[in-house]
Amino acid sequence: MEKTAQAGEAFLDIKDLVVEYHTDDAVIHAVNGVNLKLAKGETLGLVGETGAGKTSIARSILRILPDPPAKIMKGEIWFNGENILKLPEKKVRSIRGDKISMIFQDPMTALNPIETVGSQISEAIRLHNSISRADANKQAVQMLETVGIPGKRFTNYPLEFSGGMKQRVVIAMALACKPELLLADEPTTALDVTIQAQVLEMMRDLQKDFGASVILITHDLGIVAEMCEKVAIIYAGEVVEYGTAEDIFDHRAHPYTEGLFGSIPTIHTKTKRLNPIRGMMPDPANLPSCCRFAGRCPYTTDECTSSYPEMVECKSQPHTVRCVRARVKEGGSQ
Amino acid sequence: MIPTLLCVVLLIFVLFEITPGDPALTILPSDSWTEENIARVHKELGLDDPILVRYVRYLGNAVQGDLGTSYLTKTSVTNEIAQKFPYTMKITFISVIMAIVAGIPFGVIAAKHQYTLTDNISVFISLLFVSMPNFWFALLLARFFGVQLGWLPTTGVETWTGYILPSATVAITSLAAITRQTRSSMLEQIRQDYVVTARAKGQIEGKVIYGHALKNALIPIITVVGTNIANHLGGTLVAETIFSIPGLAKYMITGLNGRDYPVVLGSVLFISAVFCIVMMVVDIIYAVVDPRIRIQMMKKNNSGRKTKARKEAAAA
């Protein structure tokens with residue numbers, strides 16, 4: 001019954017996801033009650049600093065978190081009307097790499113160094129299609145050419161490729177089965193700027209061709225502006241602001257988001273020093289029970305340090321923000 | 001390989017030179033130990049010549065496949081080795097297979113279940129095997145399987161079943177070494193990103209572990225197996241003695257006890273040569289398993305060829 005109820009809703013719906021890492025001496029709260037929705041064909045950017053829990057969210061969707069130590073404690077991830085977290089392993093395996101696939105952060109280590117790139121791509125194809133090895137290889141060659149690598153390099157090993165080429169191979173592998181949802185975990189972080197632009201452009205083209213939805217994890221707001229329709233700002237394992245890219249860029253409401261934008265130097269004004277957000281993210285093993293940004297926020301009030309802020313809806317839908325100031329602001333303007 | 005063997009022979013020559021004891025005394029019955037007789041034997045055996053002369057003469061013969069004649073039995077050492085080595089080789093070979101077949105899965109399982117009971121048990125067993133002297137283990141095996149259960153023969157190798165206990169004896173130490181190496185190199189590999197990639201593709205766990213991770217973990221394991229083959233060649237000594245197998249190791253010990261220099265020299269030289277060959281094969285296996293090594297080797301060859309070609313072009 002729930003299945004049909006969900007079917008009409010979002011294509012991907014993450015509800016109250018909680019991920020913890022259990023180590024010998026601490027419990028690290030990596031993801032704390034994240035809610036996210038994604039429509040078909042849409043691109044969602046997950047933005048946040050290192051350790052904010054972005055990758056844990058993405059890996060939860062594929063259920064490839066390293067267990068132990070990672071545990072999904074709570075939550076639901078609805079994909080195409082099925083709760084991925086409740087599916088048997090075998091079913092999830094048939095989704096991985098087929099319906100949902102992932103592009104990894106570091107192309108240098110994401111490929112198996114002792115298998116040819118071609119066999120690694122055709123492995124993904126053969127896992128999800130019952131076709132012969134020869135046909136799978138043919139498709140893999142096509143995939144390589146789609147991402148701009150000559151098909152004759154099918155039999156080369158990863159060490160014979162440059163970083164940018166390896167990332168193309170990783171992307172080819174992720175797109176090999178024409179996924180409906182692509183999780184791109186900082187796909188360009190390990191690449192230099194010119195290659196970044198190429199890879200992003202290629203991803204955008206491929207997304208258009210394949211019609212996939214994309215979750216793009218990054219800490220580069222420039223990439224977000226270029227690629228994403230929706231943006232979720234992640235801080236200390238929770239969504240602090242969510243909205244369309246326009247809302248986030250032009251009407252940002254959370255002080256953390258402000259800080260992120262404030263730290264980007266602009267070309268028009270002369271900046272001697274960069275303007276970072278002061279302080280550090282709270283220790284994820286020991287999170288405050290109040291607003292998690294209170295320690296670094298320039299507008300902190302007593303309310304911020306005494307109570308936990310709820311998500312507040314802003315004027316322009318679907319813009320939400322987790323900040324008491326926004327409530328006051330929005331409340332005042334209504 | 002050749003310099004290694006030359007050094008081996010030289011070393012043994014020097015060792016014999018400085019150890020007390022005279023082969024003439026073992027050859028002659030004790031009632032005919034006269035100076036005259038001893039001098040005659042020395043002359044017959046060519047022991048009066050300086051060490052370098054003997055060394056070169058020995059090498060000259062060895063190159064032609066003649067490893068000398070035993071002082072005591074007056075038989076050709078080459079023939080004896082040819083007769084006895086198959087036993088030793090079989091035991092070594094079977095025991096290496098046993099150690100690999102048991103050790104690698106043990107190690108993989110231990111790595112997969114790190115810090116669980118399974119892991120602890122496997123670490124404990126491998127530690128136990130490492131610390132157990134293998135002559136004692138051999139006696140335990142003989143007593144249990146040979147005497148109490150009566151399943152396997154405890155002496156001789158008339159049938160193939162005779163090889164099981166000696167091989168197991170030899171395998172036990174390196175089994176532990178292989179298990180531990182497999183565990184640690186698997187632990188390193190299963191944390192690598194490409195393993196996550198393989199999982200994210202939807203690959204089944206068994207293939208992720210054995211197809212992707214284990215293949216990458218193999219290099220250090222192969223090294224351990226290679227060096228353990230040397231231990232196996234030595235380990236057969238205990239097995240051959242306890243299970244009365246007329247192998248090469250036993251031949252060598254007999255020779256040592258009787259100061260039968262040609263026997264010892266020949267056997268050691270032969271085993272060293274076998275070991276060198278094994279190491280060479282291991283190097284080749286590296287290249288087969290790991291394309292990184294293969295590509296490097298190919299590049300080196302190519303660049304060598306290129307510089308050669310360039311030089312030739314310059315000369316022309």
# chains A, B, ... in the order shown; residues from 1 in each chain; ligands from 1
>>> closest_atom_pairs(of="chain B", to="chain A", cutoff="10 Å", atoms="only C-alpha atoms", output="tab-separated table")
residue	atom	partner	partner_atom	distance
B:Gln114	CA	A:Pro68	CA	9.9
B:Arg191	CA	A:Pro66	CA	8.8
B:Gln192	CA	A:Thr109	CA	7.2
B:Asp193	CA	A:Ala110	CA	4.9
B:Tyr194	CA	A:Ala110	CA	4.3
B:Val195	CA	A:Asn112	CA	7.7
B:Val196	CA	A:Ile64	CA	7.0
B:Thr197	CA	A:Ala110	CA	6.1
B:Ala198	CA	A:Ala124	CA	8.4
B:Arg199	CA	A:Ile64	CA	7.0
B:Ala200	CA	A:Arg96	CA	5.5
B:Lys201	CA	A:Gly97	CA	4.0
B:Gly202	CA	A:Arg93	CA	4.5
B:Gln203	CA	A:Leu127	CA	6.8
B:Ile204	CA	A:Arg93	CA	7.3
B:Glu205	CA	A:Arg93	CA	9.6
B:His212	CA	A:Asn112	CA	7.1
B:Ala213	CA	A:Asn112	CA	8.6
B:Lys215	CA	A:Ile114	CA	7.9
B:Asn216	CA	A:Ile114	CA	6.9
B:Val289	CA	A:Ile114	CA	8.0
B:Asp290	CA	A:Ile114	CA	6.0
B:Pro291	CA	A:Ile114	CA	5.8
B:Arg292	CA	A:Ile114	CA	7.1
B:Ile293	CA	A:Ile114	CA	10.0
B:Ile295	CA	A:Glu160	CA	9.0
>>> write_last_selection(atoms="N, CA and C atoms", output="PDB file, in the first residue's frame")
ATOM      1  N   GLN B 114      37.585  -9.184  10.064  1.00  0.00           N
ATOM      2  CA  GLN B 114      38.604  -8.643  10.953  1.00  0.00           C
ATOM      3  C   GLN B 114      38.026  -8.346  12.347  1.00  0.00           C
ATOM      4  N   ARG B 191      40.160  -2.041   1.763  1.00  0.00           N
ATOM      5  CA  ARG B 191      39.838  -0.654   2.101  1.00  0.00           C
ATOM      6  C   ARG B 191      40.022   0.276   0.914  1.00  0.00           C
ATOM      7  N   GLN B 192      40.486  -0.264  -0.203  1.00  0.00           N
ATOM      8  CA  GLN B 192      40.758   0.598  -1.350  1.00  0.00           C
ATOM      9  C   GLN B 192      39.466   1.037  -2.024  1.00  0.00           C
ATOM     10  N   ASP B 193      39.563   2.170  -2.697  1.00  0.00           N
ATOM     11  CA  ASP B 193      38.389   2.738  -3.363  1.00  0.00           C
ATOM     12  C   ASP B 193      37.841   1.833  -4.464  1.00  0.00           C
ATOM     13  N   TYR B 194      38.751   1.157  -5.176  1.00  0.00           N
ATOM     14  CA  TYR B 194      38.251   0.375  -6.306  1.00  0.00           C
ATOM     15  C   TYR B 194      37.350  -0.760  -5.847  1.00  0.00           C
ATOM     16  N   VAL B 195      37.507  -1.181  -4.605  1.00  0.00           N
ATOM     17  CA  VAL B 195      36.626  -2.213  -4.061  1.00  0.00           C
ATOM     18  C   VAL B 195      35.214  -1.649  -3.908  1.00  0.00           C
ATOM     19  N   VAL B 196      35.133  -0.406  -3.436  1.00  0.00           N
ATOM     20  CA  VAL B 196      33.831   0.263  -3.339  1.00  0.00           C
ATOM     21  C   VAL B 196      33.244   0.432  -4.738  1.00  0.00           C
ATOM     22  N   THR B 197      34.100   0.793  -5.690  1.00  0.00           N
ATOM     23  CA  THR B 197      33.628   0.940  -7.072  1.00  0.00           C
ATOM     24  C   THR B 197      33.003  -0.361  -7.553  1.00  0.00           C
ATOM     25  N   ALA B 198      33.700  -1.456  -7.285  1.00  0.00           N
ATOM     26  CA  ALA B 198      33.190  -2.750  -7.733  1.00  0.00           C
ATOM     27  C   ALA B 198      31.844  -3.053  -7.087  1.00  0.00           C
ATOM     28  N   ARG B 199      31.721  -2.707  -5.803  1.00  0.00           N
ATOM     29  CA  ARG B 199      30.431  -2.926  -5.132  1.00  0.00           C
ATOM     30  C   ARG B 199      29.363  -2.029  -5.742  1.00  0.00           C
ATOM     31  N   ALA B 200      29.751  -0.792  -6.025  1.00  0.00           N
ATOM     32  CA  ALA B 200      28.781   0.169  -6.561  1.00  0.00           C
ATOM     33  C   ALA B 200      28.299  -0.235  -7.944  1.00  0.00           C
ATOM     34  N   LYS B 201      29.086  -1.063  -8.624  1.00  0.00           N
ATOM     35  CA  LYS B 201      28.672  -1.584  -9.925  1.00  0.00           C
ATOM     36  C   LYS B 201      27.572  -2.621  -9.767  1.00  0.00           C
ATOM     37  N   GLY B 202      27.424  -3.147  -8.560  1.00  0.00           N
ATOM     38  CA  GLY B 202      26.452  -4.198  -8.341  1.00  0.00           C
ATOM     39  C   GLY B 202      27.077  -5.575  -8.376  1.00  0.00           C
ATOM     40  N   GLN B 203      28.392  -5.639  -8.272  1.00  0.00           N
ATOM     41  CA  GLN B 203      29.077  -6.927  -8.278  1.00  0.00           C
ATOM     42  C   GLN B 203      28.781  -7.680  -6.975  1.00  0.00           C
ATOM     43  N   ILE B 204      28.695  -9.003  -7.074  1.00  0.00           N
ATOM     44  CA  ILE B 204      28.416  -9.777  -5.871  1.00  0.00           C
ATOM     45  C   ILE B 204      29.666  -9.797  -4.988  1.00  0.00           C
ATOM     46  N   GLU B 205      29.423  -9.929  -3.686  1.00  0.00           N
ATOM     47  CA  GLU B 205      30.499  -9.772  -2.708  1.00  0.00           C
ATOM     48  C   GLU B 205      31.660 -10.742  -2.958  1.00  0.00           C
ATOM     49  N   HIS B 212      38.407  -8.965  -7.384  1.00  0.00           N
ATOM     50  CA  HIS B 212      39.085  -7.673  -7.424  1.00  0.00           C
ATOM     51  C   HIS B 212      40.174  -7.561  -6.359  1.00  0.00           C
ATOM     52  N   ALA B 213      39.780  -7.727  -5.092  1.00  0.00           N
ATOM     53  CA  ALA B 213      40.725  -7.451  -4.007  1.00  0.00           C
ATOM     54  C   ALA B 213      41.861  -8.480  -3.961  1.00  0.00           C
ATOM     55  N   LYS B 215      43.117 -10.439  -6.210  1.00  0.00           N
ATOM     56  CA  LYS B 215      44.062 -10.326  -7.327  1.00  0.00           C
ATOM     57  C   LYS B 215      45.087  -9.242  -7.045  1.00  0.00           C
ATOM     58  N   ASN B 216      44.630  -8.151  -6.460  1.00  0.00           N
ATOM     59  CA  ASN B 216      45.558  -7.071  -6.148  1.00  0.00           C
ATOM     60  C   ASN B 216      46.445  -7.417  -4.960  1.00  0.00           C
ATOM     61  N   VAL B 289      50.815 -11.593 -13.197  1.00  0.00           N
ATOM     62  CA  VAL B 289      49.729 -11.161 -12.322  1.00  0.00           C
ATOM     63  C   VAL B 289      49.522  -9.651 -12.399  1.00  0.00           C
ATOM     64  N   ASP B 290      50.609  -8.910 -12.444  1.00  0.00           N
ATOM     65  CA  ASP B 290      50.486  -7.470 -12.309  1.00  0.00           C
ATOM     66  C   ASP B 290      50.867  -6.740 -13.593  1.00  0.00           C
ATOM     67  N   PRO B 291      49.869  -6.179 -14.262  1.00  0.00           N
ATOM     68  CA  PRO B 291      50.156  -5.479 -15.518  1.00  0.00           C
ATOM     69  C   PRO B 291      51.090  -4.292 -15.323  1.00  0.00           C
ATOM     70  N   ARG B 292      51.119  -3.732 -14.103  1.00  0.00           N
ATOM     71  CA  ARG B 292      52.003  -2.587 -13.874  1.00  0.00           C
ATOM     72  C   ARG B 292      53.458  -2.984 -14.088  1.00  0.00           C
ATOM     73  N   ILE B 293      53.810  -4.167 -13.562  1.00  0.00           N
ATOM     74  CA  ILE B 293      55.178  -4.664 -13.733  1.00  0.00           C
ATOM     75  C   ILE B 293      55.433  -5.001 -15.197  1.00  0.00           C
ATOM     76  N   ILE B 295      53.994  -3.760 -17.866  1.00  0.00           N
ATOM     77  CA  ILE B 295      54.114  -2.571 -18.711  1.00  0.00           C
ATOM     78  C   ILE B 295      55.466  -1.898 -18.508  1.00  0.00           C
TER      79      ILE B 295
END
>>> select_by_dssp(residues="region 198-287 of chain A", states="alpha helix (DSSP H)", output="ChimeraX atom specification")
/A:198-210,221-227,245-250,255-262
>>> write_last_selection(atoms="N, CA, C and O atoms", output="compact mmCIF listing (two decimals), in the first residue's frame")
# COMPACT_ATOMS: atom_id res chain seq x y z
N GLN A 198 36.08 20.56 -18.76
CA GLN A 198 35.75 19.54 -19.77
C GLN A 198 34.85 18.46 -19.19
O GLN A 198 33.84 18.09 -19.80
N VAL A 199 35.23 17.98 -18.01
CA VAL A 199 34.48 16.87 -17.42
C VAL A 199 33.06 17.31 -17.09
O VAL A 199 32.09 16.60 -17.34
N LEU A 200 32.92 18.53 -16.55
CA LEU A 200 31.59 19.02 -16.20
C LEU A 200 30.72 19.16 -17.45
O LEU A 200 29.55 18.77 -17.45
N GLU A 201 31.33 19.70 -18.49
CA GLU A 201 30.57 19.89 -19.71
C GLU A 201 30.10 18.55 -20.24
O GLU A 201 28.96 18.38 -20.64
N MET A 202 31.03 17.58 -20.16
CA MET A 202 30.69 16.26 -20.64
C MET A 202 29.55 15.66 -19.82
O MET A 202 28.61 15.10 -20.36
N MET A 203 29.65 15.83 -18.48
CA MET A 203 28.60 15.29 -17.62
C MET A 203 27.25 15.91 -17.96
O MET A 203 26.23 15.23 -17.98
N ARG A 204 27.27 17.23 -18.22
CA ARG A 204 26.01 17.90 -18.52
C ARG A 204 25.43 17.37 -19.83
O ARG A 204 24.23 17.09 -19.93
N ASP A 205 26.28 17.23 -20.82
CA ASP A 205 25.81 16.69 -22.10
C ASP A 205 25.24 15.29 -21.93
O ASP A 205 24.17 14.97 -22.45
N LEU A 206 25.97 14.48 -21.19
CA LEU A 206 25.53 13.10 -21.01
C LEU A 206 24.23 13.05 -20.25
O LEU A 206 23.35 12.24 -20.54
N GLN A 207 24.10 13.93 -19.27
CA GLN A 207 22.87 13.97 -18.49
C GLN A 207 21.70 14.28 -19.41
O GLN A 207 20.63 13.69 -19.31
N LYS A 208 21.92 15.22 -20.31
CA LYS A 208 20.88 15.58 -21.27
C LYS A 208 20.53 14.38 -22.12
O LYS A 208 19.38 14.03 -22.30
N ASP A 209 21.57 13.70 -22.64
CA ASP A 209 21.34 12.57 -23.53
C ASP A 209 20.66 11.41 -22.82
O ASP A 209 19.78 10.77 -23.37
N PHE A 210 21.08 11.13 -21.60
CA PHE A 210 20.56 9.95 -20.91
C PHE A 210 19.35 10.27 -20.05
O PHE A 210 18.69 9.38 -19.55
N LEU A 221 31.09 26.23 -5.20
CA LEU A 221 29.82 26.86 -5.54
C LEU A 221 29.76 27.24 -7.02
O LEU A 221 28.68 27.34 -7.59
N GLY A 222 30.92 27.41 -7.63
CA GLY A 222 30.94 27.70 -9.07
C GLY A 222 30.34 26.55 -9.86
O GLY A 222 29.54 26.76 -10.77
N ILE A 223 30.69 25.33 -9.46
CA ILE A 223 30.15 24.15 -10.14
C ILE A 223 28.65 24.06 -9.92
O ILE A 223 27.89 23.75 -10.82
N VAL A 224 28.23 24.41 -8.70
CA VAL A 224 26.80 24.38 -8.39
C VAL A 224 26.05 25.32 -9.31
O VAL A 224 25.03 24.96 -9.91
N ALA A 225 26.57 26.53 -9.45
CA ALA A 225 25.90 27.52 -10.28
C ALA A 225 25.77 27.02 -11.71
O ALA A 225 24.77 27.24 -12.38
N GLU A 226 26.78 26.30 -12.16
CA GLU A 226 26.79 25.84 -13.53
C GLU A 226 25.88 24.65 -13.76
O GLU A 226 25.30 24.51 -14.82
N MET A 227 25.79 23.78 -12.77
CA MET A 227 25.18 22.48 -13.01
C MET A 227 23.80 22.27 -12.37
O MET A 227 23.03 21.47 -12.87
N ALA A 245 18.58 26.80 -7.09
CA ALA A 245 19.89 27.45 -7.18
C ALA A 245 19.72 28.97 -7.12
O ALA A 245 20.50 29.66 -6.47
N GLU A 246 18.66 29.48 -7.75
CA GLU A 246 18.44 30.94 -7.72
C GLU A 246 18.23 31.42 -6.29
O GLU A 246 18.81 32.42 -5.86
N ASP A 247 17.39 30.70 -5.56
CA ASP A 247 17.12 31.08 -4.18
C ASP A 247 18.39 31.12 -3.36
O ASP A 247 18.65 32.06 -2.62
N ILE A 248 19.17 30.06 -3.52
CA ILE A 248 20.38 29.96 -2.70
C ILE A 248 21.37 31.06 -3.09
O ILE A 248 22.02 31.66 -2.25
N PHE A 249 21.47 31.31 -4.37
CA PHE A 249 22.47 32.30 -4.78
C PHE A 249 22.00 33.73 -4.53
O PHE A 249 22.80 34.58 -4.16
N ASP A 250 20.68 33.98 -4.68
CA ASP A 250 20.23 35.37 -4.59
C ASP A 250 19.52 35.71 -3.28
O ASP A 250 19.52 36.86 -2.86
N PRO A 255 23.03 31.79 7.83
CA PRO A 255 24.33 32.45 7.99
C PRO A 255 25.49 31.61 7.47
O PRO A 255 26.49 32.17 7.01
N TYR A 256 25.36 30.28 7.52
CA TYR A 256 26.44 29.43 7.01
C TYR A 256 26.56 29.58 5.50
O TYR A 256 27.66 29.68 4.96
N THR A 257 25.41 29.58 4.83
CA THR A 257 25.42 29.78 3.38
C THR A 257 26.03 31.13 3.05
O THR A 257 26.85 31.26 2.13
N GLU A 258 25.63 32.13 3.83
CA GLU A 258 26.21 33.46 3.65
C GLU A 258 27.73 33.39 3.77
O GLU A 258 28.46 33.97 2.96
N GLY A 259 28.15 32.69 4.79
CA GLY A 259 29.59 32.55 5.02
C GLY A 259 30.29 31.89 3.85
O GLY A 259 31.37 32.30 3.43
N LEU A 260 29.64 30.84 3.30
CA LEU A 260 30.23 30.15 2.15
C LEU A 260 30.42 31.11 0.98
O LEU A 260 31.47 31.15 0.35
N PHE A 261 29.37 31.91 0.74
CA PHE A 261 29.48 32.84 -0.39
C PHE A 261 30.45 33.97 -0.05
O PHE A 261 31.17 34.45 -0.92
N GLY A 262 30.46 34.34 1.23
CA GLY A 262 31.35 35.42 1.64
C GLY A 262 32.81 35.06 1.50
O GLY A 262 33.68 35.92 1.37
>>> residues_around(residues="Met281 (chain A)", least_positions_apart="6", cutoff="8 Å", atoms="only C-alpha atoms", output="MDAnalysis selection string")
chainID A and resid 235:236 293
>>> write_last_selection(atoms="all heavy atoms", output="PDB file, in the first residue's frame")
ATOM      1  N   TYR A 235      25.495  20.925   6.677  1.00  0.00           N
ATOM      2  CA  TYR A 235      26.442  21.327   7.718  1.00  0.00           C
ATOM      3  C   TYR A 235      26.314  20.369   8.896  1.00  0.00           C
ATOM      4  O   TYR A 235      25.209  20.121   9.383  1.00  0.00           O
ATOM      5  CB  TYR A 235      26.142  22.767   8.171  1.00  0.00           C
ATOM      6  CG  TYR A 235      27.145  23.281   9.178  1.00  0.00           C
ATOM      7  CD1 TYR A 235      28.410  23.670   8.762  1.00  0.00           C
ATOM      8  CD2 TYR A 235      26.839  23.334  10.534  1.00  0.00           C
ATOM      9  CE1 TYR A 235      29.348  24.113   9.664  1.00  0.00           C
ATOM     10  CE2 TYR A 235      27.767  23.772  11.449  1.00  0.00           C
ATOM     11  CZ  TYR A 235      29.026  24.166  11.021  1.00  0.00           C
ATOM     12  OH  TYR A 235      29.954  24.599  11.918  1.00  0.00           O
ATOM     13  N   ALA A 236      27.400  19.809   9.334  1.00  0.00           N
ATOM     14  CA  ALA A 236      27.434  18.883  10.464  1.00  0.00           C
ATOM     15  C   ALA A 236      26.362  17.808  10.354  1.00  0.00           C
ATOM     16  O   ALA A 236      25.661  17.495  11.306  1.00  0.00           O
ATOM     17  CB  ALA A 236      27.306  19.634  11.781  1.00  0.00           C
ATOM     18  N   PHE A 293      25.506  25.494  14.227  1.00  0.00           N
ATOM     19  CA  PHE A 293      26.351  26.529  13.669  1.00  0.00           C
ATOM     20  C   PHE A 293      26.556  27.664  14.673  1.00  0.00           C
ATOM     21  O   PHE A 293      27.319  28.601  14.427  1.00  0.00           O
ATOM     22  CB  PHE A 293      25.725  27.064  12.370  1.00  0.00           C
ATOM     23  CG  PHE A 293      26.642  27.947  11.586  1.00  0.00           C
ATOM     24  CD1 PHE A 293      27.878  27.484  11.142  1.00  0.00           C
ATOM     25  CD2 PHE A 293      26.279  29.257  11.287  1.00  0.00           C
ATOM     26  CE1 PHE A 293      28.713  28.308  10.407  1.00  0.00           C
ATOM     27  CE2 PHE A 293      27.129  30.083  10.560  1.00  0.00           C
ATOM     28  CZ  PHE A 293      28.351  29.606  10.117  1.00  0.00           C
TER      29      PHE A 293
END
>>> atom_distance(atom1="CA of Ile233 (chain A)", atom2="CA of Gly45 (chain A)")
8.1 Å
>>> residues_around(residues="Lys15 (chain A)", least_positions_apart="3", cutoff="9 Å", atoms="only C-alpha atoms", output="number ranges by chain")
A: 33-37, 74-78
>>> atom_distance(atom1="CA of Gly235 (chain B)", atom2="CA of Leu256 (chain B)")
16.7 Å
>>> residues_around(residues="His22 (chain A)", least_positions_apart="6", cutoff="12 Å", atoms="only C-alpha atoms", output="list in words")
Ile28, His29, Ala30, Pro66, Asp67, Pro68, Pro69, Ala70, Lys71, Ile72, Met73, Pro284 and Ala285 of chain A
>>> write_last_selection(atoms="N, CA and C atoms", output="mmCIF file, in the first residue's frame")
data_model
loop_
_atom_site.group_PDB
_atom_site.id
_atom_site.type_symbol
_atom_site.label_atom_id
_atom_site.label_comp_id
_atom_site.auth_asym_id
_atom_site.auth_seq_id
_atom_site.Cartn_x
_atom_site.Cartn_y
_atom_site.Cartn_z
ATOM 1 N N ILE A 28 30.324 8.517 15.963
ATOM 2 C CA ILE A 28 30.393 9.733 15.152
ATOM 3 C C ILE A 28 29.078 9.906 14.423
ATOM 4 N N HIS A 29 28.452 11.052 14.672
ATOM 5 C CA HIS A 29 27.150 11.317 14.055
ATOM 6 C C HIS A 29 27.392 11.993 12.719
ATOM 7 N N ALA A 30 27.461 11.185 11.668
ATOM 8 C CA ALA A 30 27.834 11.729 10.363
ATOM 9 C C ALA A 30 26.655 12.373 9.658
ATOM 10 N N PRO A 66 30.851 1.608 4.447
ATOM 11 C CA PRO A 66 31.665 0.532 5.027
ATOM 12 C C PRO A 66 31.093 0.099 6.380
ATOM 13 N N ASP A 67 30.588 -1.133 6.407
ATOM 14 C CA ASP A 67 29.963 -1.611 7.649
ATOM 15 C C ASP A 67 30.708 -2.838 8.125
ATOM 16 N N PRO A 68 31.344 -2.874 9.289
ATOM 17 C CA PRO A 68 31.573 -1.759 10.187
ATOM 18 C C PRO A 68 32.572 -0.788 9.622
ATOM 19 N N PRO A 69 32.646 0.437 10.120
ATOM 20 C CA PRO A 69 31.993 1.009 11.289
ATOM 21 C C PRO A 69 30.672 1.731 11.001
ATOM 22 N N ALA A 70 30.318 1.953 9.724
ATOM 23 C CA ALA A 70 29.150 2.802 9.472
ATOM 24 C C ALA A 70 27.847 2.026 9.635
ATOM 25 N N LYS A 71 26.844 2.672 10.199
ATOM 26 C CA LYS A 71 25.528 2.056 10.364
ATOM 27 C C LYS A 71 24.454 3.069 10.004
ATOM 28 N N ILE A 72 23.508 2.621 9.192
ATOM 29 C CA ILE A 72 22.352 3.475 8.948
ATOM 30 C C ILE A 72 21.376 3.208 10.081
ATOM 31 N N MET A 73 21.197 4.186 10.954
ATOM 32 C CA MET A 73 20.439 3.954 12.175
ATOM 33 C C MET A 73 18.946 4.116 11.939
ATOM 34 N N PRO A 284 31.927 15.812 15.205
ATOM 35 C CA PRO A 284 30.736 14.990 14.943
ATOM 36 C C PRO A 284 30.520 13.889 15.980
ATOM 37 N N ALA A 285 31.511 13.654 16.836
ATOM 38 C CA ALA A 285 31.324 12.672 17.908
ATOM 39 C C ALA A 285 30.655 13.344 19.114
#
>>> residues_around(residues="Ala239 (chain B)", least_positions_apart="5", cutoff="9 Å", atoms="only C-alpha atoms", output="short mmCIF file (atom, residue, chain, number, x, y, z; two decimals) with N, CA, C and O atoms, in the first residue's frame")
data_model
loop_
_atom_site.label_atom_id
_atom_site.label_comp_id
_atom_site.auth_asym_id
_atom_site.auth_seq_id
_atom_site.Cartn_x
_atom_site.Cartn_y
_atom_site.Cartn_z
N ILE B 91 57.51 -33.86 -2.64
CA ILE B 91 57.08 -33.40 -1.32
C ILE B 91 56.99 -31.88 -1.28
O ILE B 91 56.01 -31.31 -0.82
N ASN B 134 58.44 -28.42 13.45
CA ASN B 134 57.73 -29.32 12.55
C ASN B 134 58.13 -30.79 12.73
O ASN B 134 57.39 -31.66 12.32
N PHE B 135 59.26 -31.07 13.40
CA PHE B 135 59.53 -32.49 13.67
C PHE B 135 58.51 -33.04 14.66
O PHE B 135 58.05 -34.17 14.55
N ALA B 138 55.30 -33.48 12.87
CA ALA B 138 55.38 -34.69 12.05
C ALA B 138 55.08 -35.92 12.90
O ALA B 138 54.33 -36.81 12.49
N LEU B 165 51.44 -37.25 4.57
CA LEU B 165 51.93 -36.80 5.87
C LEU B 165 53.22 -35.98 5.77
O LEU B 165 53.31 -34.91 6.37
N PRO B 166 54.23 -36.47 5.00
CA PRO B 166 55.44 -35.63 4.88
C PRO B 166 55.14 -34.24 4.32
O PRO B 166 55.65 -33.24 4.82
N SER B 167 54.28 -34.18 3.29
CA SER B 167 53.96 -32.88 2.70
C SER B 167 53.26 -31.99 3.71
O SER B 167 53.54 -30.79 3.80
N THR B 169 53.57 -32.04 6.86
CA THR B 169 54.58 -31.59 7.81
C THR B 169 55.30 -30.34 7.30
O THR B 169 55.48 -29.36 8.02
N VAL B 170 55.69 -30.42 6.03
CA VAL B 170 56.44 -29.31 5.46
C VAL B 170 55.53 -28.10 5.27
O VAL B 170 55.94 -26.95 5.46
N SER B 244 61.11 -41.71 6.69
CA SER B 244 62.01 -42.60 5.93
C SER B 244 61.79 -42.53 4.43
O SER B 244 61.36 -43.50 3.81
N ILE B 245 62.06 -41.39 3.88
CA ILE B 245 61.93 -41.24 2.43
C ILE B 245 63.32 -41.02 1.86
O ILE B 245 64.06 -40.17 2.35
#
>>> atom_distance(atom1="CA of Leu287 (chain A)", atom2="CA of Leu216 (chain A)")
26.0 Å
